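Novice: This is the structure I have questions about; it appears just below.
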Amino acid sequence: MAAAVLAAPFLPAQAPSVPPALPPAARDVREEQRHISDYLTYAASDNVKGLERAGANNLDLATVSGLHAVDQLLQCSKLMDQDPQHVEQIRSWFFDNDVVRTHLRNNFFLFLKPRYDELEEHLDDFAHALKARGYSAVSVTISKLRAWNTANDPEAKRQIENEIDQVVSEVSRSASARAGGGSDASTGLQAGGGADDIGSHSGAMVQGPGAAGFALGNGVTASSGPGGVTLTDPSGRSATVPGAFLNPDGTARLADGRTVDLKNATLDPNGGVRLASGESLGGAGPAESAAVPDAKSRFVGADGGEIVIPADFDWRNGVATGIEKTYVGGRGGRLIRETKVTFRPAPSPGQPNTFVVARENGETRSWAFDVNTVPGSEKKSTGSLGISLQLADRDGATGYTVDGWDIGGPSGPVSVGNSPGNQASATFTASGEYTVQVSGKTDWGSAFVVKKTLPVGVE
């Protein structure tokens, strides 16, 4: 009898094994936290710009800035969602793991997260102020951002991201189209009370500076300018209502918040403006325009809010010029923006020693300072670690000088070589967290201080 042949048992094909993901490197998590910081800086900058535009009564463009700030916070939230987990997974070959993780953990919970929360509060206040004036797009979008932060379903998060992106892109596109590619024209976008109201509306918007030629009747025309609304009669004589904004229907919003009808207004011989109702606005005639602010003067914006002109601005012939500085961490801290600004005060009608300030922005530039280790500069030996550090602008700007370097740590100050200068070298003899502080000044005269925590492991 033939021997039985036993068939080999069937074994399913084995799927190729997937190697486990490598733990994140410390440099990758530092880069992640740097991006978080960048998003926070840009969002803060957009919030400041939004406040400036709102102060100039350009509420549609203020809405654009607010929405861009929300979008920056959304990008920030995406990274912050995973950063604490990445910190705990770090394995470093060069520094002590506990020191590195402690530094990055503290940077997240003691610095980045509080910055996010504080900025969200500021942006929320700005959104409520816009909503009170009929523009609720920023408020609605912040609500969506909070929904994203509390959602656990990835699909729900993607849907919210798409909704936020759609609002931001549509508003920006409309602004660009109306400005002919510029950045300071009216978008015509006004948000109503809810999410369904975000979009384009055809309601009349306040005309911006430079709008001209509105016929008021009796041969008088009105135009908007940086100093207010100027009326001109057939003889060529003119008078300006300081701080006023001209509406497309021939009305004007005054510095005190009232709206008056300019149609059929006339010019008084003393340079004032007399309305058809008989009310005189005073105007800025030759006598009034000669008034110059003094130390006791009060400054207000077009909306009646207080305006603070920096003490270091240069006053000449009643006009203040200087550099407006935007810092993170208080005046003299990390500088993120400089703007050349001119303030032109004009006497406020009916308010003694009060001036309505027209603001003119000139050249502006942003800064993204950071302190990093010079590649290849590490020199290790038993009981010490030498490192060269450098201050640089991440966007490559060079219009600044460094005045000095200071490094402090667990055992006190660390001697710094090659200081002042954009680079400095230091030798560390103990492991721990060190604080690096670099002070300097831009070629526009703005002082700054950049601080960074450096984790060091000495073998």
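Note on naming: chains are A, B, ... as they come in the structure tokens, residues start from 1 per chain, ligands start from 1 in the order shown.
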Report as a PDB file with C-alpha atoms, in the first residue's frame all protein, DNA and RNA residues lying within 12 Å of Arg359 of chain A, evaluated on only C-alpha atoms, omitting residues in the same chain fewer than 5 positions from it.

Specialist:
```pdb
ATOM      1  CA  GLU A  52      -5.601 100.021  14.819  1.00  0.00           C
ATOM      2  CA  ARG A  53      -8.116  99.572  12.003  1.00  0.00           C
ATOM      3  CA  GLY A  55      -9.677 102.848  15.902  1.00  0.00           C
ATOM      4  CA  ALA A  56      -9.705 104.346  12.401  1.00  0.00           C
ATOM      5  CA  ASN A  57     -13.342 103.163  11.994  1.00  0.00           C
ATOM      6  CA  PRO A 209      -9.673 108.889   3.734  1.00  0.00           C
ATOM      7  CA  GLY A 225      -9.265 113.235   4.692  1.00  0.00           C
ATOM      8  CA  PRO A 226      -6.900 112.252   7.517  1.00  0.00           C
ATOM      9  CA  GLY A 227      -7.947 115.270   9.586  1.00  0.00           C
ATOM     10  CA  GLY A 228     -11.717 114.904   9.186  1.00  0.00           C
ATOM     11  CA  GLY A 243     -12.232 113.836  13.484  1.00  0.00           C
ATOM     12  CA  PHE A 299      -6.120 113.286  22.743  1.00  0.00           C
ATOM     13  CA  VAL A 300      -8.970 111.220  21.332  1.00  0.00           C
ATOM     14  CA  GLY A 301      -9.488 109.123  18.244  1.00  0.00           C
ATOM     15  CA  ALA A 302     -12.250 109.532  15.702  1.00  0.00           C
ATOM     16  CA  ILE A 307      -5.292 108.123  22.299  1.00  0.00           C
ATOM     17  CA  VAL A 308      -1.864 107.877  23.949  1.00  0.00           C
ATOM     18  CA  ILE A 309       0.970 109.447  21.983  1.00  0.00           C
ATOM     19  CA  VAL A 319       2.649 117.182  14.732  1.00  0.00           C
ATOM     20  CA  ALA A 320       4.156 114.156  16.516  1.00  0.00           C
ATOM     21  CA  THR A 321       6.332 111.644  14.655  1.00  0.00           C
ATOM     22  CA  GLY A 322       8.189 108.598  15.871  1.00  0.00           C
ATOM     23  CA  GLU A 324       5.684 102.779  17.374  1.00  0.00           C
ATOM     24  CA  THR A 339       6.054 101.242  12.525  1.00  0.00           C
ATOM     25  CA  LYS A 340       6.852 104.817  11.554  1.00  0.00           C
ATOM     26  CA  VAL A 341       3.819 106.816  12.707  1.00  0.00           C
ATOM     27  CA  THR A 342       2.684 110.425  12.387  1.00  0.00           C
ATOM     28  CA  PHE A 343      -0.020 111.818  14.687  1.00  0.00           C
ATOM     29  CA  ARG A 344      -1.812 114.958  13.474  1.00  0.00           C
ATOM     30  CA  PRO A 345      -3.993 116.449  16.232  1.00  0.00           C
ATOM     31  CA  ALA A 346      -6.794 118.873  15.321  1.00  0.00           C
TER      32      ALA A 346
END
```

Novice: So how far away is atom CA of Leu385 of chain A from atom CA of Thr427 of chain A, in Å?

Specialist: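 Spanning atom CA of Thr427 of chain A to atom CA of Leu385 of chain A is a straight-line distance of 5.6 Å.
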
Novice: Quick one: residues within 10 Å of segment 373-379 of chain A, only C-alpha atoms counted, chain neighbours fewer than 2 positions away excluded, as a ChimeraX atom specification?

Specialist: /A:371,381,384-391,423-425,427,454

Novice: My list of candidates is A:Arg30, A:Arg258, A:Lys78, A:Arg146. Which is closest to Val100 of chain A when distances are computed with only C-alpha atoms?

Specialist: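 Looking at the shortest contact to Val100 of chain A, the residue is A:Arg30.
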
Novice: Can you measure atom CA of Val260 of chain A to atom CA of Pro242 of chain A for me? One decimal in Å is fine.

Specialist: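 Computing it gives 13.8 Å between the two atoms.
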
Novice: Would you list the contacts of Ala62 of chain A as JSON, numbers by chain, taking every protein, DNA or RNA residue within 9 Å and counting only C-alpha atoms, but skipping same-chain residues closer than 2 positions in sequence?

Specialist: {"A": [47, 49, 50, 51, 52, 53, 54, 55, 57, 58, 59, 60, 64, 65, 66, 67, 130]}

Novice: Include N, CA, C and O atoms and write out the residues we just selected as a short mmCIF file (atom, residue, chain, number, x, y, z; two decimals), in the first residue's frame.

Specialist:
```
data_model
loop_
_atom_site.label_atom_id
_atom_site.label_comp_id
_atom_site.auth_asym_id
_atom_site.auth_seq_id
_atom_site.Cartn_x
_atom_site.Cartn_y
_atom_site.Cartn_z
N ASN A 47 -3.91 90.95 15.88
CA ASN A 47 -4.84 91.56 16.83
C ASN A 47 -4.54 93.05 16.99
O ASN A 47 -5.46 93.88 17.02
N LYS A 49 -3.10 94.98 14.77
CA LYS A 49 -3.51 95.63 13.53
C LYS A 49 -5.01 95.82 13.49
O LYS A 49 -5.51 96.86 13.03
N GLY A 50 -5.75 94.82 13.98
CA GLY A 50 -7.20 94.95 14.02
C GLY A 50 -7.66 96.09 14.90
O GLY A 50 -8.58 96.84 14.56
N LEU A 51 -6.99 96.27 16.05
CA LEU A 51 -7.33 97.38 16.94
C LEU A 51 -7.04 98.71 16.27
O LEU A 51 -7.80 99.67 16.42
N GLU A 52 -5.92 98.79 15.53
CA GLU A 52 -5.60 100.02 14.82
C GLU A 52 -6.68 100.35 13.79
O GLU A 52 -7.14 101.49 13.67
N ARG A 53 -7.11 99.34 13.04
CA ARG A 53 -8.12 99.57 12.00
C ARG A 53 -9.47 99.93 12.62
O ARG A 53 -10.19 100.78 12.09
N ALA A 54 -9.79 99.29 13.73
CA ALA A 54 -11.04 99.64 14.39
C ALA A 54 -10.99 101.06 14.92
O ALA A 54 -11.99 101.79 14.86
N GLY A 55 -9.82 101.49 15.42
CA GLY A 55 -9.68 102.85 15.90
C GLY A 55 -9.84 103.87 14.80
O GLY A 55 -10.25 105.01 15.05
N ASN A 57 -11.96 103.42 12.45
CA ASN A 57 -13.34 103.16 11.99
C ASN A 57 -13.40 102.33 10.72
O ASN A 57 -14.41 102.31 10.03
N ASN A 58 -12.34 101.60 10.41
CA ASN A 58 -12.35 100.71 9.25
C ASN A 58 -12.69 99.31 9.76
O ASN A 58 -11.84 98.44 9.89
N LEU A 59 -13.99 99.12 10.05
CA LEU A 59 -14.42 97.93 10.77
C LEU A 59 -14.39 96.67 9.92
O LEU A 59 -14.25 95.57 10.44
N ASP A 60 -14.54 96.82 8.61
CA ASP A 60 -14.47 95.62 7.77
C ASP A 60 -13.06 95.07 7.72
O ASP A 60 -12.84 93.87 7.83
N VAL A 64 -11.13 91.59 9.08
CA VAL A 64 -10.15 90.76 8.37
C VAL A 64 -8.98 90.43 9.30
O VAL A 64 -8.55 89.28 9.40
N SER A 65 -8.45 91.45 9.98
CA SER A 65 -7.31 91.21 10.88
C SER A 65 -7.70 90.25 12.01
O SER A 65 -6.93 89.37 12.38
N GLY A 66 -8.91 90.44 12.57
CA GLY A 66 -9.36 89.56 13.64
C GLY A 66 -9.49 88.12 13.18
O GLY A 66 -9.10 87.19 13.90
N LEU A 67 -10.01 87.93 11.98
CA LEU A 67 -10.15 86.57 11.45
C LEU A 67 -8.79 85.93 11.20
O LEU A 67 -8.60 84.73 11.43
N LEU A 130 -16.24 94.47 18.30
CA LEU A 130 -16.70 94.50 16.91
C LEU A 130 -18.17 94.11 16.81
O LEU A 130 -18.95 94.72 16.07
#
```

Novice: I'd like to know which residues of segment 349-432 of chain A are strand (DSSP E) (by DSSP, run on the backbone); could you write them as a ChimeraX atom specification?

Specialist: /A:354-366,369-373,379-381,384-393,400-409,412-414,416-417,423-428,432

Novice: Which neighbours of Ala265 of chain A fall inside 9 Å, counting only C-alpha atoms, when residues of the same chain fewer than 6 positions from it are skipped, and could you give them as a PyMOL selection string?

Specialist: chain A and resi 216-218+220+231+273-278

Novice: Output N, CA, C and O atoms for every residue in that selection, as a PDB file, in the first residue's frame.

Specialist:
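Saved file again-v4.pdb follows:
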```pdb
ATOM      1  N   LEU A 216     -23.267 118.440  -1.549  1.00  0.00           N
ATOM      2  CA  LEU A 216     -24.176 118.660  -0.423  1.00  0.00           C
ATOM      3  C   LEU A 216     -25.315 119.604  -0.755  1.00  0.00           C
ATOM      4  O   LEU A 216     -26.258 119.728   0.017  1.00  0.00           O
ATOM      5  N   GLY A 217     -25.249 120.252  -1.903  1.00  0.00           N
ATOM      6  CA  GLY A 217     -26.237 121.272  -2.251  1.00  0.00           C
ATOM      7  C   GLY A 217     -25.649 122.661  -2.080  1.00  0.00           C
ATOM      8  O   GLY A 217     -24.669 122.865  -1.363  1.00  0.00           O
ATOM      9  N   ASN A 218     -26.239 123.649  -2.779  1.00  0.00           N
ATOM     10  CA  ASN A 218     -25.766 125.037  -2.729  1.00  0.00           C
ATOM     11  C   ASN A 218     -24.338 125.175  -3.230  1.00  0.00           C
ATOM     12  O   ASN A 218     -23.637 126.129  -2.862  1.00  0.00           O
ATOM     13  N   VAL A 220     -21.840 123.355  -2.436  1.00  0.00           N
ATOM     14  CA  VAL A 220     -20.861 122.910  -1.444  1.00  0.00           C
ATOM     15  C   VAL A 220     -20.608 121.418  -1.624  1.00  0.00           C
ATOM     16  O   VAL A 220     -21.545 120.637  -1.802  1.00  0.00           O
ATOM     17  N   LEU A 231     -15.315 120.656   3.891  1.00  0.00           N
ATOM     18  CA  LEU A 231     -16.369 121.210   3.044  1.00  0.00           C
ATOM     19  C   LEU A 231     -15.784 122.370   2.257  1.00  0.00           C
ATOM     20  O   LEU A 231     -15.031 123.193   2.810  1.00  0.00           O
ATOM     21  N   VAL A 273     -18.723 125.543  10.181  1.00  0.00           N
ATOM     22  CA  VAL A 273     -19.683 124.872   9.308  1.00  0.00           C
ATOM     23  C   VAL A 273     -21.060 124.990   9.957  1.00  0.00           C
ATOM     24  O   VAL A 273     -21.244 124.587  11.110  1.00  0.00           O
ATOM     25  N   ARG A 274     -22.004 125.563   9.210  1.00  0.00           N
ATOM     26  CA  ARG A 274     -23.357 125.712   9.734  1.00  0.00           C
ATOM     27  C   ARG A 274     -24.274 124.735   8.995  1.00  0.00           C
ATOM     28  O   ARG A 274     -24.383 124.769   7.772  1.00  0.00           O
ATOM     29  N   LEU A 275     -24.933 123.848   9.765  1.00  0.00           N
ATOM     30  CA  LEU A 275     -25.830 122.857   9.186  1.00  0.00           C
ATOM     31  C   LEU A 275     -27.155 123.494   8.804  1.00  0.00           C
ATOM     32  O   LEU A 275     -27.499 124.593   9.266  1.00  0.00           O
ATOM     33  N   ALA A 276     -27.904 122.802   7.968  1.00  0.00           N
ATOM     34  CA  ALA A 276     -29.226 123.288   7.577  1.00  0.00           C
ATOM     35  C   ALA A 276     -30.146 123.424   8.778  1.00  0.00           C
ATOM     36  O   ALA A 276     -31.072 124.238   8.786  1.00  0.00           O
ATOM     37  N   SER A 277     -29.888 122.656   9.829  1.00  0.00           N
ATOM     38  CA  SER A 277     -30.697 122.734  11.051  1.00  0.00           C
ATOM     39  C   SER A 277     -30.386 123.973  11.875  1.00  0.00           C
ATOM     40  O   SER A 277     -31.084 124.288  12.834  1.00  0.00           O
ATOM     41  N   GLY A 278     -29.318 124.696  11.504  1.00  0.00           N
ATOM     42  CA  GLY A 278     -28.915 125.881  12.241  1.00  0.00           C
ATOM     43  C   GLY A 278     -27.766 125.640  13.195  1.00  0.00           C
ATOM     44  O   GLY A 278     -27.167 126.591  13.709  1.00  0.00           O
TER      45      GLY A 278
END
```

Novice: Out of A:Gly457, A:Trp444, A:Tyr400, A:Ser411, which residue has the shortest atom-to-atom distance to Thr364 of chain A when counting only C-alpha atoms?

Specialist: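 Counting only C-alpha atoms, the residue closest to Thr364 of chain A is A:Trp444.
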